[in-house]
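Note: the block below is final_24.tsv and it holds TSV, C-alpha atoms and all ligand atoms.
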```
chain	number	residue	atom	x	y	z
I	1	MET	CA	-37.38	-75.23	-58.13
I	2	LYS	CA	-33.60	-75.37	-58.09
I	3	PHE	CA	-31.72	-77.46	-55.53
I	4	PHE	CA	-28.37	-76.22	-54.23
I	5	VAL	CA	-26.27	-78.04	-51.65
I	6	ASP	CA	-25.00	-75.99	-48.72
I	7	THR	CA	-21.55	-77.48	-48.09
I	8	ALA	CA	-17.87	-77.35	-49.03
I	9	GLU	CA	-17.42	-81.12	-48.72
I	10	ILE	CA	-16.25	-82.38	-52.12
I	11	ALA	CA	-17.39	-86.00	-51.62
I	12	ASP	CA	-20.96	-84.89	-50.84
I	13	ILE	CA	-21.05	-82.48	-53.78
I	14	LYS	CA	-19.79	-85.18	-56.18
I	15	GLU	CA	-22.30	-87.73	-54.89
I	16	LEU	CA	-25.23	-85.32	-55.28
I	17	ALA	CA	-24.04	-84.01	-58.66
I	18	GLU	CA	-24.14	-87.58	-59.96
I	19	THR	CA	-27.91	-87.69	-59.39
I	20	GLY	CA	-28.30	-85.00	-62.05
I	21	LEU	CA	-30.58	-83.11	-59.65
I	22	LEU	CA	-28.07	-80.63	-58.26
I	23	ASP	CA	-28.31	-77.10	-59.65
I	24	GLY	CA	-25.65	-75.29	-57.61
I	25	VAL	CA	-23.65	-75.01	-54.39
I	26	THR	CA	-23.54	-72.49	-51.57
I	27	THR	CA	-20.66	-72.09	-49.17
I	28	ASN	CA	-19.95	-69.66	-46.36
I	29	PRO	CA	-16.91	-68.98	-44.15
I	30	SER	CA	-18.14	-71.44	-41.51
I	31	LEU	CA	-18.53	-74.24	-44.07
I	32	ILE	CA	-15.07	-73.51	-45.50
I	33	ALA	CA	-13.60	-73.65	-41.96
I	34	LYS	CA	-15.42	-76.96	-41.35
I	35	SER	CA	-13.98	-78.45	-44.57
I	36	GLY	CA	-10.42	-77.66	-43.43
I	37	ARG	CA	-9.59	-76.80	-47.06
I	38	ASP	CA	-7.93	-73.76	-48.66
I	39	PHE	CA	-10.77	-71.41	-49.73
I	40	MET	CA	-9.50	-70.67	-53.24
I	41	GLU	CA	-8.59	-74.29	-53.97
I	42	VAL	CA	-11.80	-75.84	-52.73
I	43	THR	CA	-13.95	-73.23	-54.50
I	44	LYS	CA	-12.16	-73.93	-57.79
I	45	GLU	CA	-12.67	-77.66	-57.30
I	46	ILE	CA	-16.40	-77.20	-56.57
I	47	CYS	CA	-16.81	-74.98	-59.65
I	48	GLY	CA	-15.42	-77.81	-61.75
I	49	ILE	CA	-17.96	-80.31	-60.41
I	50	VAL	CA	-21.19	-78.36	-60.96
I	51	ASP	CA	-22.18	-76.17	-63.91
I	52	GLY	CA	-24.53	-73.98	-61.86
I	53	PRO	CA	-23.76	-71.11	-59.48
I	54	VAL	CA	-21.25	-71.70	-56.68
I	55	SER	CA	-21.56	-69.07	-53.95
I	56	ALA	CA	-18.26	-67.90	-52.47
I	57	GLU	CA	-18.52	-65.33	-49.70
I	58	VAL	CA	-16.41	-62.21	-49.18
I	59	VAL	CA	-15.18	-61.76	-45.62
I	60	ALA	CA	-14.39	-58.03	-45.57
I	61	LEU	CA	-16.91	-55.72	-43.97
I	62	ASP	CA	-16.12	-52.57	-45.98
I	63	HIS	CA	-17.11	-51.94	-49.59
I	64	GLU	CA	-13.62	-51.28	-51.00
I	65	THR	CA	-12.13	-54.47	-49.63
I	66	MET	CA	-15.24	-56.45	-50.56
I	67	MET	CA	-14.75	-55.30	-54.17
I	68	LYS	CA	-11.10	-56.40	-54.11
I	69	GLU	CA	-12.01	-59.80	-52.65
I	70	ALA	CA	-14.81	-60.20	-55.19
I	71	GLU	CA	-12.35	-59.42	-57.98
I	72	THR	CA	-10.16	-62.30	-56.81
I	73	LEU	CA	-13.06	-64.70	-56.30
I	74	ARG	CA	-14.74	-64.09	-59.64
I	75	LYS	CA	-11.55	-65.03	-61.47
I	76	ILE	CA	-11.82	-68.56	-60.05
I	77	ALA	CA	-14.42	-69.65	-62.60
I	78	ASP	CA	-17.34	-68.36	-64.68
I	79	ASN	CA	-19.90	-69.98	-62.37
I	80	VAL	CA	-18.72	-68.26	-59.18
I	81	CYS	CA	-21.48	-66.27	-57.50
I	82	ILE	CA	-20.15	-63.61	-55.12
I	83	LYS	CA	-21.87	-63.76	-51.74
I	84	VAL	CA	-22.11	-60.52	-49.77
I	85	PRO	CA	-23.74	-59.79	-46.41
I	86	LEU	CA	-26.91	-57.74	-46.14
I	87	THR	CA	-25.30	-54.50	-44.97
I	88	ILE	CA	-24.97	-51.09	-46.58
I	89	ASP	CA	-21.45	-51.98	-47.76
I	90	GLY	CA	-22.65	-55.39	-48.93
I	91	LEU	CA	-25.45	-53.89	-51.01
I	92	LYS	CA	-23.17	-51.21	-52.45
I	93	THR	CA	-20.87	-54.03	-53.51
I	94	CYS	CA	-23.84	-55.97	-54.93
I	95	LYS	CA	-24.99	-53.01	-57.03
I	96	LYS	CA	-21.52	-52.44	-58.43
I	97	LEU	CA	-20.83	-56.10	-59.21
I	98	ARG	CA	-24.22	-56.52	-60.91
I	99	ALA	CA	-23.44	-53.57	-63.22
I	100	ASP	CA	-20.96	-55.74	-65.12
I	101	GLY	CA	-23.06	-58.89	-64.92
I	102	THR	CA	-21.31	-60.66	-62.01
I	103	MET	CA	-23.68	-63.03	-60.15
I	104	VAL	CA	-24.35	-61.92	-56.57
I	105	ASN	CA	-26.01	-63.73	-53.68
I	106	VAL	CA	-26.99	-61.43	-50.78
I	107	THR	CA	-26.86	-63.42	-47.57
I	108	LEU	CA	-27.94	-63.16	-43.92
I	109	CYS	CA	-31.40	-61.82	-44.77
I	110	PHE	CA	-33.85	-61.83	-41.86
I	111	SER	CA	-36.53	-59.34	-42.92
I	112	ALA	CA	-38.69	-58.65	-45.96
I	113	ASN	CA	-37.44	-55.06	-46.04
I	114	GLN	CA	-33.87	-56.32	-46.27
I	115	ALA	CA	-34.95	-58.53	-49.18
I	116	LEU	CA	-36.56	-55.51	-50.84
I	117	LEU	CA	-33.28	-53.60	-50.56
I	118	ALA	CA	-31.33	-56.52	-52.04
I	119	ALA	CA	-33.72	-56.67	-55.01
I	120	LYS	CA	-33.33	-52.91	-55.54
I	121	ALA	CA	-29.54	-53.49	-55.52
I	122	GLY	CA	-30.10	-55.98	-58.37
I	123	ALA	CA	-29.10	-59.12	-56.44
I	124	SER	CA	-29.20	-62.34	-58.45
I	125	PHE	CA	-30.20	-64.22	-55.29
I	126	ILE	CA	-31.49	-63.26	-51.85
I	127	SER	CA	-30.77	-65.73	-49.04
I	128	PRO	CA	-33.28	-65.58	-46.18
I	129	PHE	CA	-32.20	-67.88	-43.33
I	130	VAL	CA	-35.34	-69.74	-42.29
I	131	GLY	CA	-33.80	-72.11	-39.72
I	132	ARG	CA	-32.02	-69.38	-37.78
I	133	HIS	CA	-35.20	-67.29	-37.97
I	134	ASP	CA	-37.23	-70.15	-36.44
I	135	ASP	CA	-34.52	-70.73	-33.80
I	136	ASN	CA	-34.98	-67.14	-32.63
I	137	GLY	CA	-38.74	-67.34	-32.24
I	138	PHE	CA	-39.71	-65.91	-35.64
I	139	ASP	CA	-41.56	-67.63	-38.47
I	140	GLY	CA	-39.05	-68.39	-41.23
I	141	MET	CA	-41.70	-69.45	-43.71
I	142	ALA	CA	-43.77	-66.30	-43.15
I	143	LEU	CA	-40.63	-64.40	-44.18
I	144	ILE	CA	-40.43	-66.38	-47.45
I	145	GLU	CA	-44.13	-65.70	-48.12
I	146	ASP	CA	-43.63	-61.95	-47.57
I	147	ILE	CA	-40.58	-61.78	-49.83
I	148	HIS	CA	-42.35	-63.79	-52.52
I	149	GLN	CA	-45.33	-61.43	-52.38
I	150	ILE	CA	-43.18	-58.29	-52.53
I	151	TYR	CA	-41.04	-59.57	-55.41
I	152	SER	CA	-44.13	-60.54	-57.36
I	153	ASN	CA	-45.82	-57.15	-56.65
I	154	TYR	CA	-42.95	-55.35	-58.38
I	155	GLY	CA	-41.70	-57.99	-60.81
I	156	PHE	CA	-38.23	-58.16	-59.24
I	157	GLU	CA	-36.06	-60.79	-60.91
I	158	THR	CA	-33.99	-61.55	-57.80
I	159	GLU	CA	-34.36	-65.25	-57.04
I	160	ILE	CA	-35.44	-66.31	-53.56
I	161	LEU	CA	-32.82	-68.77	-52.33
I	162	VAL	CA	-34.14	-70.29	-49.12
I	163	ALA	CA	-31.16	-70.91	-46.81
I	164	SER	CA	-30.55	-72.31	-43.34
I	165	ILE	CA	-32.93	-75.14	-44.20
I	166	ARG	CA	-33.04	-77.76	-41.47
I	167	ASN	CA	-35.57	-80.34	-42.65
I	168	PRO	CA	-37.72	-81.60	-45.55
I	169	VAL	CA	-40.74	-79.61	-44.31
I	170	HIS	CA	-38.82	-76.38	-44.94
I	171	VAL	CA	-38.27	-77.59	-48.53
I	172	LEU	CA	-41.94	-78.52	-49.01
I	173	GLN	CA	-43.15	-75.18	-47.66
I	174	SER	CA	-40.65	-73.28	-49.81
I	175	ALA	CA	-41.86	-75.13	-52.91
I	176	LEU	CA	-45.53	-74.46	-52.04
I	177	ILE	CA	-44.78	-70.75	-51.70
I	178	GLY	CA	-42.92	-70.78	-55.02
I	179	ALA	CA	-39.38	-69.98	-53.83
I	180	ASP	CA	-36.87	-70.26	-56.68
I	181	VAL	CA	-34.08	-72.17	-54.91
I	182	ALA	CA	-33.59	-74.24	-51.77
I	183	THR	CA	-30.05	-74.67	-50.49
I	184	MET	CA	-29.79	-77.62	-48.16
I	185	PRO	CA	-27.23	-79.59	-46.18
I	186	PRO	CA	-26.47	-82.93	-47.94
I	187	ALA	CA	-28.46	-84.90	-45.35
I	188	VAL	CA	-31.62	-82.90	-46.03
I	189	ILE	CA	-31.34	-83.45	-49.80
I	190	LYS	CA	-30.83	-87.18	-49.25
I	191	GLY	CA	-33.77	-87.20	-46.85
I	192	LEU	CA	-36.08	-85.95	-49.60
I	193	PHE	CA	-35.72	-89.27	-51.44
I	194	LYS	CA	-36.82	-91.26	-48.41
I	195	HIS	CA	-40.20	-92.66	-47.52
I	196	VAL	CA	-40.84	-95.66	-45.27
I	197	LEU	CA	-43.53	-96.95	-47.65
I	198	THR	CA	-41.13	-96.74	-50.61
I	199	ASP	CA	-38.64	-98.94	-48.71
I	200	LYS	CA	-41.40	-101.33	-47.63
I	201	GLY	CA	-42.79	-101.49	-51.17
I	202	ILE	CA	-39.38	-102.33	-52.63
I	203	GLU	CA	-38.91	-105.04	-50.02
I	204	GLY	CA	-42.23	-106.60	-51.03
I	205	PHE	CA	-41.53	-106.42	-54.77
I	206	VAL	CA	-38.05	-107.92	-54.37
I	207	ALA	CA	-39.42	-110.81	-52.29
I	208	ASP	CA	-42.30	-111.53	-54.71
I	209	TRP	CA	-40.06	-111.26	-57.78
I	210	ALA	CA	-37.65	-113.80	-56.27
I	211	LYS	CA	-40.56	-116.28	-56.05
I	212	THR	CA	-41.04	-116.10	-59.84
I	213	GLY	CA	-37.48	-117.29	-60.47
I	214	GLN	CA	-37.31	-114.89	-63.43
I	215	THR	CA	-34.71	-112.32	-64.48
I	216	ILE	CA	-34.95	-109.37	-66.83
I	217	PRO	CA	-32.33	-109.73	-69.60
I	218	THR	CA	-29.84	-106.86	-69.33
I	219	ALA	CA	-27.36	-107.62	-72.12
I	301	LIG	O1	-25.21	-70.94	-46.11
I	301	LIG	C1	-26.04	-70.23	-45.29
I	301	LIG	C2	-27.02	-71.02	-44.46
I	301	LIG	O2	-27.62	-72.02	-45.20
I	301	LIG	C3	-26.51	-71.46	-43.11
I	301	LIG	O3	-27.33	-72.40	-42.48
I	301	LIG	O4	-27.73	-74.07	-40.69
I	301	LIG	O5	-25.80	-72.46	-40.48
I	301	LIG	O6	-28.15	-71.68	-40.21
I	301	LIG	P1	-27.24	-72.66	-40.88
```

Encoded form using structure tokens:
Amino acid sequence: MKFFVDTAEIADIKELAETGLLDGVTTNPSLIAKSGRDFMEVTKEICGIVDGPVSAEVVALDHETMMKEAETLRKIADNVCIKVPLTIDGLKTCKKLRADGTMVNVTLCFSANQALLAAKAGASFISPFVGRHDDNGFDGMALIEDIHQIYSNYGFETEILVASIRNPVHVLQSALIGADVATMPPAVIKGLFKHVLTDKGIEGFVADWAKTGQTIPTA
């Protein structure tokens, strides 16, 4: 399972990239606004930090302008993945961009039928938003299960990129279902490392080791 971080904050991306466990980055217009950075500049900087896909979202709502924006965004770096919304214009744009091999992430997916359409449009990634789905009284994880089933029924190669993840349980459930990618806020990724018994165990080992008076030679 690939781990992407869902942020445009450079310090967080650098910190997580240093673990060697970060496979990509997703951004969206809200995250760019939150960063306070220039979209083109920050996207270029992110693309230089990670080797994997960096999703940069178009903001136009019509196909022609989406294509023009995508043209600008894909020149930023080879690892830019163009993010388009799940609309008719978005999927038209997806289909066209995929024809010449451009990576495309179709975002704002809230139904299995939408995910089916994105796969038919050749999307590299489909982004179902599980947290927002849950917030609105639906079952986000049932959506991931349905998409996974449909994609496996037909052998679609579109990767399921679980988005709008709010907690480690979303990550666990996504992994159990077999989703390809989880994109998470930095705090959720960091939370995956944590366990109270790990901390307690380290405390015990450190205390007991100190009693031995020994050191492990490091030079
Ligand atoms: O990047 C898309 C998605 O992950 C947004 O998450 O928390 O704003 O619903 P959220």

Set the cut-off to 12 Å, count only C-alpha atoms and all ligand atoms, and list whatever residues fall near ligand LIG 301 (chain I) as a PyMOL selection string.
chain I and resi 4-8+25-32+34+54-57+83-85+105-110+126-136+140+161-167+181-188

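Atom to atom, atom CA of I:Met66 and atom CA of I:Gly90 stand 7.7 Å apart.
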
Name the closest residue to I:Leu117 among the candidates I:Leu91, I:Met141, I:Met40, I:Leu192; distances are taken between atoms, counting only C-alpha atoms.
I:Leu91

Can you tell me how far atom CA of I:Phe125 sits from atom CA of I:Ile160, in Å to one decimal?
5.9 Å

All residues 12 Å or closer to I:Cys47, all atoms listed in the file, same chain fewer than 2 positions away omitted, as JSON, numbers by chain
{"I": [8, 10, 13, 14, 17, 23, 24, 25, 26, 27, 40, 41, 42, 43, 44, 45, 49, 50, 51, 52, 53, 54, 55, 56, 73, 74, 75, 76, 77, 78, 79, 80, 81]}

As a ChimeraX atom specification, please: the residues near stretch 150-159 of chain I (cut-off 9 Å, all atoms listed in the file, same-chain neighbours under 4 positions excluded).
/I:112,115-116,118-120,122-127,145-146,179-181

Can those selected residues be exported to a file as a short mmCIF file (atom, residue, chain, number, x, y, z; two decimals), in the coordinates of the input so that it contains C-alpha atoms?
```
data_model
loop_
_atom_site.label_atom_id
_atom_site.label_comp_id
_atom_site.auth_asym_id
_atom_site.auth_seq_id
_atom_site.Cartn_x
_atom_site.Cartn_y
_atom_site.Cartn_z
CA ALA I 112 -38.69 -58.65 -45.96
CA ALA I 115 -34.95 -58.53 -49.18
CA LEU I 116 -36.56 -55.51 -50.84
CA ALA I 118 -31.33 -56.52 -52.04
CA ALA I 119 -33.72 -56.67 -55.01
CA LYS I 120 -33.33 -52.91 -55.54
CA GLY I 122 -30.10 -55.98 -58.37
CA ALA I 123 -29.10 -59.12 -56.44
CA SER I 124 -29.20 -62.34 -58.45
CA PHE I 125 -30.20 -64.22 -55.29
CA ILE I 126 -31.49 -63.26 -51.85
CA SER I 127 -30.77 -65.73 -49.04
CA GLU I 145 -44.13 -65.70 -48.12
CA ASP I 146 -43.63 -61.95 -47.57
CA ALA I 179 -39.38 -69.98 -53.83
CA ASP I 180 -36.87 -70.26 -56.68
CA VAL I 181 -34.08 -72.17 -54.91
#
```

Quote the spacing between atom CA of I:Val104 and atom CA of I:Glu64 in Å to one decimal place.
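Computing the Euclidean distance for atom CA of I:Val104 and atom CA of I:Glu64 yields 16.1 Å.
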
For stretch 139-153 of chain I, take all atoms listed in the file, fit an axis-aligned box around them, add 5 Å to each of the six sides, then output centre and edge lengths in Å rounded to one decimal, as lines of an AutoDock Vina configuration file.
```
center_x = -42.4
center_y = -63.3
center_z = -47.9
size_x = 16.8
size_y = 22.3
size_z = 28.9
```

Non-local contacts of I:Thr65 (12 Å; all atoms listed in the file; under 3 positions in same chain excluded) as a VMD selection string:
chain I and resid 58 to 62 68 to 72 84 89 to 90 92 to 93

Looking at only C-alpha atoms, which of I:His63, I:Pro168, I:Glu9, I:Ile189 is the one that sits closest to I:Arg37?
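Of I:His63, I:Pro168, I:Glu9, I:Ile189, the one nearest I:Arg37 is I:Glu9, counting only C-alpha atoms.
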
Could you rebuild stretch 164-175 of chain I with all heavy atoms and give it back as a tab-separated table (two decimals), in the coordinates of the input?
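File produced: out_2.tsv:
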```
chain	number	residue	atom	x	y	z
I	164	SER	N	-30.43	-71.86	-44.72
I	164	SER	CA	-30.55	-72.31	-43.34
I	164	SER	C	-31.74	-73.28	-43.20
I	164	SER	O	-32.47	-73.25	-42.22
I	164	SER	CB	-30.70	-71.09	-42.41
I	164	SER	OG	-30.66	-71.45	-41.06
I	165	ILE	N	-31.87	-74.12	-44.21
I	165	ILE	CA	-32.93	-75.14	-44.20
I	165	ILE	C	-32.49	-76.28	-43.28
I	165	ILE	O	-31.35	-76.73	-43.35
I	165	ILE	CB	-33.19	-75.63	-45.65
I	165	ILE	CG1	-34.02	-74.58	-46.39
I	165	ILE	CG2	-33.84	-77.00	-45.67
I	165	ILE	CD1	-34.34	-74.91	-47.82
I	166	ARG	N	-33.40	-76.72	-42.45
I	166	ARG	CA	-33.04	-77.76	-41.47
I	166	ARG	C	-33.72	-79.10	-41.72
I	166	ARG	O	-33.32	-80.10	-41.15
I	166	ARG	CB	-33.43	-77.28	-40.06
I	166	ARG	CG	-32.77	-75.98	-39.64
I	166	ARG	CD	-31.36	-76.24	-39.10
I	166	ARG	NE	-30.56	-75.03	-39.16
I	166	ARG	CZ	-30.65	-74.02	-38.31
I	166	ARG	NH1	-31.51	-74.07	-37.33
I	166	ARG	NH2	-29.88	-72.98	-38.44
I	167	ASN	N	-34.81	-79.09	-42.51
I	167	ASN	CA	-35.57	-80.34	-42.65
I	167	ASN	C	-36.41	-80.33	-43.93
I	167	ASN	O	-36.59	-79.28	-44.55
I	167	ASN	CB	-36.47	-80.55	-41.42
I	167	ASN	CG	-37.38	-79.34	-41.21
I	167	ASN	OD1	-38.17	-79.00	-42.09
I	167	ASN	ND2	-37.28	-78.68	-40.07
I	168	PRO	N	-36.94	-81.50	-44.31
I	168	PRO	CA	-37.72	-81.60	-45.55
I	168	PRO	C	-38.99	-80.74	-45.54
I	168	PRO	O	-39.46	-80.33	-46.60
I	168	PRO	CB	-38.09	-83.09	-45.63
I	168	PRO	CG	-37.08	-83.78	-44.80
I	168	PRO	CD	-36.72	-82.83	-43.69
I	169	VAL	N	-39.53	-80.44	-44.36
I	169	VAL	CA	-40.74	-79.61	-44.31
I	169	VAL	C	-40.42	-78.19	-44.78
I	169	VAL	O	-41.22	-77.57	-45.48
I	169	VAL	CB	-41.36	-79.62	-42.89
I	169	VAL	CG1	-42.59	-78.71	-42.83
I	169	VAL	CG2	-41.74	-81.04	-42.49
I	170	HIS	N	-39.24	-77.70	-44.43
I	170	HIS	CA	-38.82	-76.38	-44.94
I	170	HIS	C	-38.81	-76.39	-46.48
I	170	HIS	O	-39.18	-75.40	-47.11
I	170	HIS	CB	-37.41	-76.04	-44.45
I	170	HIS	CG	-37.35	-75.47	-43.06
I	170	HIS	ND1	-36.28	-75.66	-42.22
I	170	HIS	CD2	-38.22	-74.67	-42.38
I	170	HIS	CE1	-36.49	-75.01	-41.07
I	170	HIS	NE2	-37.67	-74.42	-41.15
I	171	VAL	N	-38.36	-77.49	-47.05
I	171	VAL	CA	-38.27	-77.59	-48.53
I	171	VAL	C	-39.68	-77.60	-49.12
I	171	VAL	O	-39.99	-76.88	-50.07
I	171	VAL	CB	-37.50	-78.85	-48.96
I	171	VAL	CG1	-37.35	-78.90	-50.48
I	171	VAL	CG2	-36.13	-78.90	-48.29
I	172	LEU	N	-40.55	-78.42	-48.54
I	172	LEU	CA	-41.94	-78.52	-49.01
I	172	LEU	C	-42.63	-77.16	-48.95
I	172	LEU	O	-43.24	-76.71	-49.93
I	172	LEU	CB	-42.70	-79.54	-48.15
I	172	LEU	CG	-44.20	-79.64	-48.39
I	172	LEU	CD1	-44.49	-80.14	-49.80
I	172	LEU	CD2	-44.86	-80.55	-47.37
I	173	GLN	N	-42.49	-76.49	-47.81
I	173	GLN	CA	-43.15	-75.18	-47.66
I	173	GLN	C	-42.58	-74.15	-48.63
I	173	GLN	O	-43.32	-73.35	-49.21
I	173	GLN	CB	-43.02	-74.70	-46.21
I	173	GLN	CG	-43.85	-75.55	-45.25
I	173	GLN	CD	-43.61	-75.21	-43.79
I	173	GLN	OE1	-42.50	-74.82	-43.41
I	173	GLN	NE2	-44.63	-75.36	-42.97
I	174	SER	N	-41.28	-74.20	-48.85
I	174	SER	CA	-40.65	-73.28	-49.81
I	174	SER	C	-41.19	-73.51	-51.21
I	174	SER	O	-41.47	-72.56	-51.96
I	174	SER	CB	-39.13	-73.48	-49.84
I	174	SER	OG	-38.58	-73.25	-48.57
I	175	ALA	N	-41.36	-74.78	-51.57
I	175	ALA	CA	-41.86	-75.13	-52.91
I	175	ALA	C	-43.32	-74.69	-53.05
I	175	ALA	O	-43.73	-74.20	-54.11
I	175	ALA	CB	-41.71	-76.62	-53.15
```
